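K.L.:
Provided herewith: coords.tsv, TSV, C-alpha atoms and all ligand atoms.
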```
chain	number	residue	atom	x	y	z
A	837	MET	CA	0.00	0.00	0.00
A	838	MET	CA	1.35	3.45	-0.91
A	839	MET	CA	1.83	5.77	2.06
A	840	THR	CA	0.90	9.40	1.46
A	841	ALA	CA	2.90	11.96	3.42
A	842	PRO	CA	0.87	13.98	5.92
A	843	GLN	CA	-0.18	17.41	4.67
A	844	ARG	CA	0.37	20.66	6.52
A	845	THR	CA	-0.67	24.23	5.87
A	846	ILE	CA	2.13	26.61	5.04
A	847	ARG	CA	2.41	30.29	4.01
A	848	VAL	CA	3.44	30.48	0.36
A	849	TRP	CA	2.61	33.94	-1.10
A	850	ASP	CA	3.21	37.20	0.75
A	851	ILE	CA	0.67	40.03	0.88
A	852	PRO	CA	2.45	42.33	-1.64
A	853	THR	CA	2.57	39.60	-4.31
A	854	ARG	CA	-1.11	38.81	-3.77
A	855	VAL	CA	-2.22	42.44	-3.82
A	856	PHE	CA	-0.09	42.99	-6.93
A	857	HIS	CA	-1.67	39.95	-8.57
A	858	TRP	CA	-5.33	40.72	-7.95
A	859	CYS	CA	-4.89	44.32	-9.09
A	860	LEU	CA	-4.04	42.91	-12.53
A	861	PRO	CA	-7.40	41.38	-13.61
A	862	VAL	CA	-9.18	44.49	-12.28
A	863	ALA	CA	-6.77	46.77	-14.18
A	864	LEU	CA	-7.02	44.71	-17.36
A	865	ILE	CA	-10.82	44.96	-17.42
A	866	ALA	CA	-10.63	48.71	-16.70
A	867	LEU	CA	-8.04	49.19	-19.49
A	868	PHE	CA	-10.08	47.32	-22.12
A	869	VAL	CA	-13.37	48.95	-21.15
A	870	SER	CA	-11.85	52.46	-21.00
A	871	ALA	CA	-10.08	52.03	-24.37
A	872	ASP	CA	-13.31	50.71	-25.86
A	873	THR	CA	-15.38	53.65	-24.59
A	874	TYR	CA	-12.67	56.25	-25.38
A	875	ALA	CA	-12.33	57.14	-21.69
A	876	MET	CA	-8.67	57.75	-22.43
A	877	GLU	CA	-7.83	59.85	-19.33
A	878	LEU	CA	-8.95	56.92	-17.18
A	879	HIS	CA	-7.17	54.50	-19.52
A	880	ALA	CA	-3.89	56.40	-19.13
A	881	LEU	CA	-4.25	56.62	-15.35
A	882	VAL	CA	-4.88	52.88	-14.95
A	883	GLY	CA	-2.08	52.06	-17.44
A	884	GLU	CA	0.35	54.24	-15.47
A	885	ALA	CA	-0.72	52.50	-12.25
A	886	VAL	CA	0.05	49.17	-13.96
A	887	LEU	CA	3.49	50.54	-14.86
A	888	ALA	CA	4.15	51.34	-11.18
A	889	LEU	CA	2.85	47.90	-10.16
A	890	VAL	CA	5.11	46.10	-12.63
A	891	LEU	CA	8.16	48.17	-11.63
A	892	PHE	CA	7.36	47.26	-8.03
A	893	ARG	CA	7.06	43.55	-8.94
A	894	LEU	CA	10.38	43.57	-10.82
A	895	VAL	CA	12.21	44.98	-7.79
A	896	TRP	CA	10.24	42.66	-5.46
A	897	GLY	CA	11.57	39.80	-7.58
A	898	PHE	CA	15.03	40.63	-6.22
A	899	VAL	CA	14.43	41.91	-2.69
A	900	GLY	CA	11.05	40.35	-1.83
A	901	SER	CA	9.95	37.18	-0.09
A	902	GLN	CA	11.48	33.90	-1.22
A	903	THR	CA	8.62	32.64	-3.43
A	904	ALA	CA	8.42	36.05	-5.15
A	905	ARG	CA	12.12	36.08	-6.08
A	906	PHE	CA	13.05	35.32	-9.68
A	907	ARG	CA	16.00	33.30	-8.41
A	908	ASP	CA	13.51	31.03	-6.65
A	909	PHE	CA	11.44	30.15	-9.70
A	910	VAL	CA	13.15	31.05	-13.00
A	911	VAL	CA	15.08	28.03	-14.29
A	912	GLY	CA	16.83	27.29	-17.59
A	913	PRO	CA	15.75	24.91	-20.40
A	914	ARG	CA	17.15	21.88	-18.56
A	915	GLY	CA	15.11	22.68	-15.43
A	916	ILE	CA	11.99	23.02	-17.60
A	917	ALA	CA	12.71	19.70	-19.39
A	918	ASP	CA	13.24	17.98	-16.01
A	919	TYR	CA	9.96	19.39	-14.73
A	920	LEU	CA	8.05	18.25	-17.83
A	921	ALA	CA	9.60	14.78	-17.58
A	922	GLY	CA	8.59	14.59	-13.92
A	923	ARG	CA	12.23	14.49	-12.81
A	924	ALA	CA	12.32	17.81	-10.94
A	925	PRO	CA	11.88	17.77	-7.17
A	926	LYS	CA	8.55	19.27	-6.08
A	927	SER	CA	8.81	22.75	-4.66
A	928	LEU	CA	6.61	25.52	-3.33
A	929	GLY	CA	5.95	28.60	-5.46
A	930	HIS	CA	5.75	28.82	-9.26
A	931	ASN	CA	6.65	25.71	-11.24
A	932	PRO	CA	9.19	26.13	-14.11
A	933	VAL	CA	6.51	26.32	-16.83
A	934	GLY	CA	4.35	28.69	-14.79
A	935	ALA	CA	7.47	30.81	-14.36
A	936	LEU	CA	7.71	31.27	-18.15
A	937	MET	CA	4.15	32.58	-18.17
A	938	VAL	CA	4.89	34.90	-15.25
A	939	LEU	CA	7.81	36.39	-17.22
A	940	ALA	CA	5.71	36.65	-20.41
A	941	LEU	CA	2.88	38.41	-18.56
A	942	LEU	CA	5.21	40.82	-16.77
A	943	GLY	CA	7.03	41.56	-20.06
A	944	ALA	CA	3.78	42.15	-21.94
A	945	LEU	CA	2.41	44.39	-19.18
A	946	LEU	CA	5.64	46.42	-19.12
A	947	GLY	CA	5.75	46.72	-22.92
A	948	LEU	CA	2.15	47.88	-23.07
A	949	ALA	CA	2.39	50.35	-20.22
A	950	VAL	CA	5.54	51.94	-21.71
A	951	SER	CA	4.30	51.93	-25.32
A	952	GLY	CA	1.03	53.53	-24.17
A	953	LEU	CA	2.96	56.56	-22.91
A	954	PHE	CA	4.27	57.21	-26.42
A	955	ALA	CA	1.13	56.15	-28.33
A	956	ASP	CA	-1.07	58.35	-30.47
A	957	ASP	CA	-4.40	57.02	-31.75
A	958	GLY	CA	-4.18	59.29	-34.80
A	959	ILE	CA	-7.55	60.87	-33.90
A	960	PHE	CA	-7.85	62.66	-30.60
A	961	TYR	CA	-5.73	61.09	-27.86
A	962	SER	CA	-2.01	60.81	-27.38
A	963	GLY	CA	-0.02	59.44	-24.45
A	964	PRO	CA	1.83	61.94	-22.22
A	965	LEU	CA	5.21	61.31	-23.85
A	966	ALA	CA	4.01	61.05	-27.47
A	967	GLY	CA	5.04	64.67	-28.08
A	968	ARG	CA	8.67	63.68	-27.54
A	969	ILE	CA	8.76	61.58	-30.71
A	970	GLY	CA	7.55	62.23	-34.24
A	971	ASN	CA	3.80	61.99	-34.89
A	972	ALA	CA	4.18	59.19	-37.44
A	973	GLN	CA	6.20	57.18	-34.93
A	974	ALA	CA	3.66	57.81	-32.16
A	975	VAL	CA	0.84	56.61	-34.42
A	976	ARG	CA	2.87	53.51	-35.31
A	977	ILE	CA	3.50	52.85	-31.60
A	978	GLY	CA	-0.26	53.29	-31.05
A	979	GLU	CA	-0.91	50.54	-33.61
A	980	LEU	CA	1.63	48.24	-31.94
A	981	HIS	CA	0.17	49.08	-28.53
A	982	ALA	CA	-3.34	48.18	-29.70
A	983	ALA	CA	-2.14	44.90	-31.25
A	984	GLY	CA	-0.03	44.11	-28.19
A	985	ALA	CA	-3.07	44.51	-25.94
A	986	TYR	CA	-4.65	41.51	-27.65
A	987	VAL	CA	-1.47	39.47	-27.22
A	988	LEU	CA	-1.61	40.29	-23.49
A	989	ALA	CA	-5.30	39.34	-23.36
A	990	ALA	CA	-4.49	36.01	-25.05
A	991	LEU	CA	-1.64	35.31	-22.60
A	992	ALA	CA	-3.90	36.17	-19.65
A	993	GLY	CA	-6.59	33.87	-21.07
A	994	ILE	CA	-4.12	30.97	-21.40
A	995	HIS	CA	-2.87	31.75	-17.87
A	996	VAL	CA	-6.38	31.51	-16.41
A	997	LEU	CA	-7.12	28.32	-18.41
A	998	ALA	CA	-3.88	26.81	-17.08
A	999	THR	CA	-4.93	27.46	-13.48
A	1000	LEU	CA	-8.33	25.88	-14.25
A	1001	TRP	CA	-6.57	22.90	-15.85
A	1002	HIS	CA	-4.53	22.43	-12.67
A	1003	LEU	CA	-7.74	22.62	-10.66
A	1004	LEU	CA	-9.92	20.30	-12.71
A	1005	HIS	CA	-7.44	17.90	-14.28
A	1006	ARG	CA	-4.63	17.70	-11.73
A	1007	LYS	CA	-6.88	18.38	-8.71
A	1008	ARG	CA	-4.45	21.05	-7.58
A	1009	ASN	CA	-5.99	24.33	-6.43
A	1010	LEU	CA	-3.51	27.15	-7.12
A	1011	ILE	CA	-6.13	29.89	-6.93
A	1012	THR	CA	-6.98	29.78	-3.21
A	1013	PRO	CA	-3.29	30.16	-2.18
A	1014	MET	CA	-3.05	33.30	-4.38
A	1015	LEU	CA	-6.02	34.64	-2.37
A	1016	THR	CA	-5.19	33.50	1.17
A	1017	GLY	CA	-1.40	33.18	0.92
A	1018	ARG	CA	-1.56	29.64	2.31
A	1019	THR	CA	-1.33	26.24	0.70
A	1020	ARG	CA	-1.52	22.62	1.85
A	1021	THR	CA	1.56	20.60	1.07
A	1022	GLU	CA	3.09	17.24	1.83
A	1023	LEU	CA	6.57	18.70	1.22
A	1024	ASP	CA	8.90	18.59	4.17
A	1025	ALA	CA	10.85	21.63	2.97
A	1026	PRO	CA	11.55	24.53	5.38
A	1027	PRO	CA	8.94	27.32	5.11
A	1028	PRO	CA	9.83	30.10	2.64
A	1029	VAL	CA	11.48	33.22	4.01
A	1030	PHE	CA	9.15	36.25	4.12
A	1031	VAL	CA	10.19	39.89	3.91
A	1032	GLY	CA	8.26	42.50	5.94
A	1033	LEU	CA	5.54	44.77	4.58
A	1034	PRO	CA	7.41	48.06	5.26
A	1035	LEU	CA	10.00	47.20	2.60
A	1036	ALA	CA	7.21	46.45	0.10
A	1037	CYS	CA	5.54	49.80	0.91
A	1038	GLY	CA	8.90	51.54	0.44
A	1039	VAL	CA	9.56	49.86	-2.91
A	1040	PHE	CA	6.03	50.63	-4.13
A	1041	THR	CA	6.35	54.29	-3.09
A	1042	VAL	CA	9.62	54.55	-5.03
A	1043	ALA	CA	7.97	52.90	-8.07
A	1044	VAL	CA	5.11	55.43	-7.98
A	1045	GLY	CA	7.70	58.21	-7.59
A	1046	VAL	CA	9.66	57.00	-10.62
A	1047	VAL	CA	6.53	56.84	-12.80
A	1048	THR	CA	5.38	60.30	-11.66
A	1049	LEU	CA	8.83	61.75	-12.33
A	1050	LEU	CA	9.00	60.01	-15.71
A	1051	LEU	CA	5.72	61.58	-16.75
A	1052	HIS	CA	5.70	64.99	-15.11
A	1053	GLY	CA	9.46	65.48	-14.82
A	1054	LEU	CA	9.71	64.98	-18.57
A	1055	THR	CA	6.59	66.86	-19.61
A	1056	PHE	CA	7.18	70.09	-17.60
B	1101	LIG	C1	-9.33	35.85	-12.57
B	1101	LIG	C2	-8.33	35.53	-13.28
B	1101	LIG	C3	-7.02	35.00	-12.73
B	1101	LIG	C4	-6.76	33.90	-11.96
B	1101	LIG	C5	-7.76	32.89	-11.40
B	1101	LIG	C6	-5.33	33.85	-11.75
B	1101	LIG	C7	-4.67	32.89	-11.02
B	1101	LIG	C8	-3.33	32.90	-10.74
B	1101	LIG	C9	-2.66	31.93	-9.91
B	1101	LIG	C10	-3.34	30.76	-9.25
B	1101	LIG	C11	-1.35	32.26	-9.87
B	1101	LIG	C12	-0.26	31.50	-9.11
B	1101	LIG	C13	0.22	30.38	-9.98
B	1101	LIG	C14	1.18	29.47	-9.22
B	1101	LIG	O1	0.77	28.91	-8.19
B	1101	LIG	O2	2.33	29.35	-9.65
B	1101	LIG	C15	-1.16	33.45	-10.67
B	1101	LIG	C16	0.03	34.11	-10.85
B	1101	LIG	C17	0.18	35.20	-11.68
B	1101	LIG	N1	-0.78	35.77	-12.46
B	1101	LIG	FE1	-2.75	35.34	-12.42
B	1101	LIG	N2	-4.75	34.90	-12.42
B	1101	LIG	C18	-5.74	35.62	-13.02
B	1101	LIG	C19	-5.59	36.73	-13.81
B	1101	LIG	C20	-4.37	37.30	-14.14
B	1101	LIG	C21	-4.21	38.38	-15.07
B	1101	LIG	C22	-5.33	39.08	-15.82
B	1101	LIG	C23	-2.87	38.64	-15.12
B	1101	LIG	C24	-2.12	39.68	-15.93
B	1101	LIG	C25	-2.54	40.31	-16.94
B	1101	LIG	C26	-2.22	37.71	-14.25
B	1101	LIG	C27	-0.86	37.67	-14.02
B	1101	LIG	C28	-0.23	36.85	-13.13
B	1101	LIG	C29	1.16	36.98	-12.75
B	1101	LIG	C30	2.14	38.04	-13.26
B	1101	LIG	C31	1.40	35.96	-11.83
B	1101	LIG	C32	2.69	35.74	-11.06
B	1101	LIG	C33	2.49	36.31	-9.68
B	1101	LIG	C34	3.78	36.78	-9.07
B	1101	LIG	O3	4.66	35.99	-8.78
B	1101	LIG	O4	3.90	38.00	-8.92
B	1101	LIG	N3	-3.15	36.90	-13.66
B	1101	LIG	N4	-2.38	33.81	-11.20
B	1102	LIG	C1	-0.80	47.38	-19.37
B	1102	LIG	C2	-1.20	48.55	-19.75
B	1102	LIG	C3	-2.12	48.83	-20.91
B	1102	LIG	C4	-3.00	48.00	-21.58
B	1102	LIG	C5	-3.31	46.53	-21.34
B	1102	LIG	C6	-3.65	48.79	-22.60
B	1102	LIG	C7	-4.61	48.33	-23.48
B	1102	LIG	C8	-5.13	49.06	-24.54
B	1102	LIG	C9	-6.18	48.62	-25.42
B	1102	LIG	C10	-6.93	47.30	-25.31
B	1102	LIG	C11	-6.36	49.59	-26.36
B	1102	LIG	C12	-7.38	49.60	-27.49
B	1102	LIG	C13	-6.90	48.83	-28.67
B	1102	LIG	C14	-7.88	48.92	-29.82
B	1102	LIG	O1	-7.82	49.94	-30.52
B	1102	LIG	O2	-8.66	48.01	-30.00
B	1102	LIG	C15	-5.43	50.65	-26.06
B	1102	LIG	C16	-5.30	51.81	-26.80
B	1102	LIG	C17	-4.56	52.90	-26.41
B	1102	LIG	N1	-3.88	53.04	-25.21
B	1102	LIG	FE1	-3.52	51.56	-23.87
B	1102	LIG	N2	-3.15	50.08	-22.54
B	1102	LIG	C18	-2.23	50.13	-21.52
B	1102	LIG	C19	-1.52	51.24	-21.08
B	1102	LIG	C20	-1.62	52.52	-21.65
B	1102	LIG	C21	-0.99	53.71	-21.17
B	1102	LIG	C22	-0.10	53.80	-19.90
B	1102	LIG	C23	-1.32	54.72	-22.01
B	1102	LIG	C24	-0.95	56.19	-21.98
B	1102	LIG	C25	-0.63	56.83	-20.91
B	1102	LIG	C26	-2.12	54.16	-23.06
B	1102	LIG	C27	-2.57	54.84	-24.18
B	1102	LIG	C28	-3.29	54.29	-25.20
B	1102	LIG	C29	-3.58	54.97	-26.45
B	1102	LIG	C30	-3.10	56.35	-26.87
B	1102	LIG	C31	-4.37	54.08	-27.20
B	1102	LIG	C32	-4.92	54.29	-28.61
B	1102	LIG	C33	-3.98	53.57	-29.56
B	1102	LIG	C34	-4.54	53.42	-30.97
B	1102	LIG	O3	-5.73	53.17	-31.09
B	1102	LIG	O4	-3.75	53.58	-31.90
B	1102	LIG	N3	-2.31	52.81	-22.80
B	1102	LIG	N4	-4.71	50.32	-24.94
```
Written as structure tokens, how would this file's structure read?
P.N.:
Amino acid sequence: MMMTAPQRTIRVWDIPTRVFHWCLPVALIALFVSADTYAMELHALVGEAVLALVLFRLVWGFVGSQTARFRDFVVGPRGIADYLAGRAPKSLGHNPVGALMVLALLGALLGLAVSGLFADDGIFYSGPLAGRIGNAQAVRIGELHAAGAYVLAALAGIHVLATLWHLLHRKRNLITPMLTGRTRTELDAPPPVFVGLPLACGVFTVAVGVVTLLLHGLTF
């Protein structure tokens, strides 16, 4: 008879990573609805907030809690092959394939938020930094921005389907831990190291400062 290891509840995701995460679906809906209804002031504001969030997450990937650190979850092709072949040891946090999606989503969000600043829709709205480049270029960036938004939406759709696949097919609920921060595991590994909230607040404040300076410092 196969013995199953006893399960215990363990903290896996810190508050900053969870708050960051759940801001994203809300922001994405707001960005698509605002762009669709030409509420471009709102669109720009939400897009700039996403820029600050992503800058925060990139820094948090180096100084944040263990499961949020890139070093903890980004592995090379061999690590991915081992995971797919079932040879990799189980670990807490993102799996190697999920990590690729995390990087793709963060990259797409960053690319969109930055391109939006320089975009011109060719009709009545231009991003706050569009004036710093030629009009033809700004219109071109606007086209790329609009196309890129659908790439991001597709990635987000695949991401959500993947979490549902884990839930329904592999009977592994990844969604509740992203909400509560806790997961049940049979792993005997030491609990991840968590970094305090004050550092996260500090990093986020700096990220907001950088975005504000980027926009207003350059447009004065
Ligand atoms: C309601 C829809 C969504 C659900 C249910 C969901 C679920 C999840 C889950 C369960 C994880 C953790 C995966 C793991 O255990 O490794 C995760 C991570 C992540 N998701 Fe989502 N997600 C949703 C929407 C989105 C959207 C719209 C975006 C971006 C556009 C997004 C971006 C991310 C990112 C960047 C991470 C990595 C978190 C981090 O380490 O900072 N998610 N998501
Ligand atoms: C992650 C962040 C962002 C996302 C997901 C996003 C998404 C979108 C979407 C879906 C559209 C409409 C595409 C269509 O025409 O069907 C759009 C258009 C546009 N967005 Fe964003 N946006 C983001 C950030 C920003 C920012 C920060 C700004 C400016 C401050 C901005 C400025 C614009 C402009 C000027 C257009 C019109 C482009 C055109 O039609 O040529 N966006 N965006």
K.L.:
Give me the residues near stretch 1037-1043 of chain A as an MDAnalysis selection string, where near means some atom within 12 Å (using only C-alpha atoms) and where sequence neighbours in that chain fewer than 2 positions away do not count.
P.N.:
chainID A and resid 851:853 855:856 884:900 1031:1035 1045:1050
K.L.:
For the residues in the current selection, export C-alpha atoms as a PDB file, keeping the file's coordinate frame.
P.N.:
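That gives us again03.pdb:
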```
ATOM      1  CA  ILE A 851       0.670  40.030   0.880  1.00  0.00           C
ATOM      2  CA  PRO A 852       2.450  42.330  -1.640  1.00  0.00           C
ATOM      3  CA  THR A 853       2.570  39.600  -4.310  1.00  0.00           C
ATOM      4  CA  VAL A 855      -2.220  42.440  -3.820  1.00  0.00           C
ATOM      5  CA  PHE A 856      -0.090  42.990  -6.930  1.00  0.00           C
ATOM      6  CA  GLU A 884       0.350  54.240 -15.470  1.00  0.00           C
ATOM      7  CA  ALA A 885      -0.720  52.500 -12.250  1.00  0.00           C
ATOM      8  CA  VAL A 886       0.050  49.170 -13.960  1.00  0.00           C
ATOM      9  CA  LEU A 887       3.490  50.540 -14.860  1.00  0.00           C
ATOM     10  CA  ALA A 888       4.150  51.340 -11.180  1.00  0.00           C
ATOM     11  CA  LEU A 889       2.850  47.900 -10.160  1.00  0.00           C
ATOM     12  CA  VAL A 890       5.110  46.100 -12.630  1.00  0.00           C
ATOM     13  CA  LEU A 891       8.160  48.170 -11.630  1.00  0.00           C
ATOM     14  CA  PHE A 892       7.360  47.260  -8.030  1.00  0.00           C
ATOM     15  CA  ARG A 893       7.060  43.550  -8.940  1.00  0.00           C
ATOM     16  CA  LEU A 894      10.380  43.570 -10.820  1.00  0.00           C
ATOM     17  CA  VAL A 895      12.210  44.980  -7.790  1.00  0.00           C
ATOM     18  CA  TRP A 896      10.240  42.660  -5.460  1.00  0.00           C
ATOM     19  CA  GLY A 897      11.570  39.800  -7.580  1.00  0.00           C
ATOM     20  CA  PHE A 898      15.030  40.630  -6.220  1.00  0.00           C
ATOM     21  CA  VAL A 899      14.430  41.910  -2.690  1.00  0.00           C
ATOM     22  CA  GLY A 900      11.050  40.350  -1.830  1.00  0.00           C
ATOM     23  CA  VAL A1031      10.190  39.890   3.910  1.00  0.00           C
ATOM     24  CA  GLY A1032       8.260  42.500   5.940  1.00  0.00           C
ATOM     25  CA  LEU A1033       5.540  44.770   4.580  1.00  0.00           C
ATOM     26  CA  PRO A1034       7.410  48.060   5.260  1.00  0.00           C
ATOM     27  CA  LEU A1035      10.000  47.200   2.600  1.00  0.00           C
ATOM     28  CA  GLY A1045       7.700  58.210  -7.590  1.00  0.00           C
ATOM     29  CA  VAL A1046       9.660  57.000 -10.620  1.00  0.00           C
ATOM     30  CA  VAL A1047       6.530  56.840 -12.800  1.00  0.00           C
ATOM     31  CA  THR A1048       5.380  60.300 -11.660  1.00  0.00           C
ATOM     32  CA  LEU A1049       8.830  61.750 -12.330  1.00  0.00           C
ATOM     33  CA  LEU A1050       9.000  60.010 -15.710  1.00  0.00           C
TER      34      LEU A1050
END
```
K.L.:
Between A:Leu928, A:Leu1004, A:Ala880, A:Leu939, which one has atoms that come closest to ligand LIG 1102 (chain B), using only C-alpha atoms and all ligand atoms?
P.N.:
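Of A:Leu928, A:Leu1004, A:Ala880, A:Leu939, the one nearest ligand LIG 1102 (chain B), counting only C-alpha atoms and all ligand atoms, is A:Ala880.
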K.L.:
Please find the residues contacting ligand LIG 1102 (chain B) at a distance of at most 6 Å between atoms, with all atoms listed in the file counted, and report them as a PyMOL selection string.
P.N.:
chain A and resi 864+867-868+871+880+883-884+886+945+948-949+952-953+955-957+961-964+978-979+982+985
K.L.:
Output, as AutoDock Vina command-line options, the centre and edge lengths in Å (one decimal) of the axis-aligned box that contains all listed atoms of stretch 1001-1004 of chain A with 3 Å of margin on each side.
P.N.:
```
--center_x -7.2 --center_y 21.6 --center_z -13.3 --size_x 11.4 --size_y 8.6 --size_z 11.2
```
K.L.:
Please identify all protein, DNA and RNA residues within 7 Å of ligand LIG 1101 (chain B), counting all atoms listed in the file, and report them as a list in words.
P.N.:
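Going residue by residue within 7 Å of ligand LIG 1101 (chain B), we get Thr853, Phe856, His857, Leu860, Pro861, Leu864, Arg893, Ala904, Gly929, His930, Asn931, Gly934, Val938, Leu941, Leu942, Leu945, Leu988, Ala992, His995, Val996, Thr999, Leu1010, Ile1011 and Met1014 of chain A.
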K.L.:
Take atom CA of A:Ser901 and atom CA of A:Ile865 and report the distance between them in Å, one decimal.
P.N.:
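A separation of 28.1 Å between them.
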K.L.:
Quote the spacing between atom CA of A:Gly958 and atom CA of A:Ala974 in Å to one decimal place.
P.N.:
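Atom CA of A:Gly958 sits 8.4 Å away from atom CA of A:Ala974.
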K.L.:
Taking only C-alpha atoms into account, which of A:Pro1013, A:Gly1053, A:Gly922, A:Pro913 comes nearest A:Ala935?
P.N.:
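Of all the options, A:Pro913 lies closest to A:Ala935.
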K.L.:
So which one's closest to A:Ile959, A:Tyr874, A:Trp849, A:Tyr919, A:Trp858? Using only C-alpha atoms, please.
P.N.:
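Ranking A:Tyr874, A:Trp849, A:Tyr919, A:Trp858 by distance to A:Ile959, first place goes to A:Tyr874.
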K.L.:
Go ahead and compute the interatomic distance for atom CA of A:Asp918 and atom CA of A:Leu1015, in Å to one decimal.
P.N.:
28.9 Å
K.L.:
Would you please work out which residue, of A:Pro842, A:Gly915, A:Pro932, A:Gly967, is nearest to A:Arg1020 when using all atoms listed in the file?
P.N.:
A:Pro842
K.L.:
Nearest to A:Leu991 among A:Ser951, A:Leu936, A:Val1029, A:His879, with distances taken over all atoms listed in the file: which residue is it?
P.N.:
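Nearest candidate to A:Leu991 out of A:Ser951, A:Leu936, A:Val1029, A:His879: A:Leu936.
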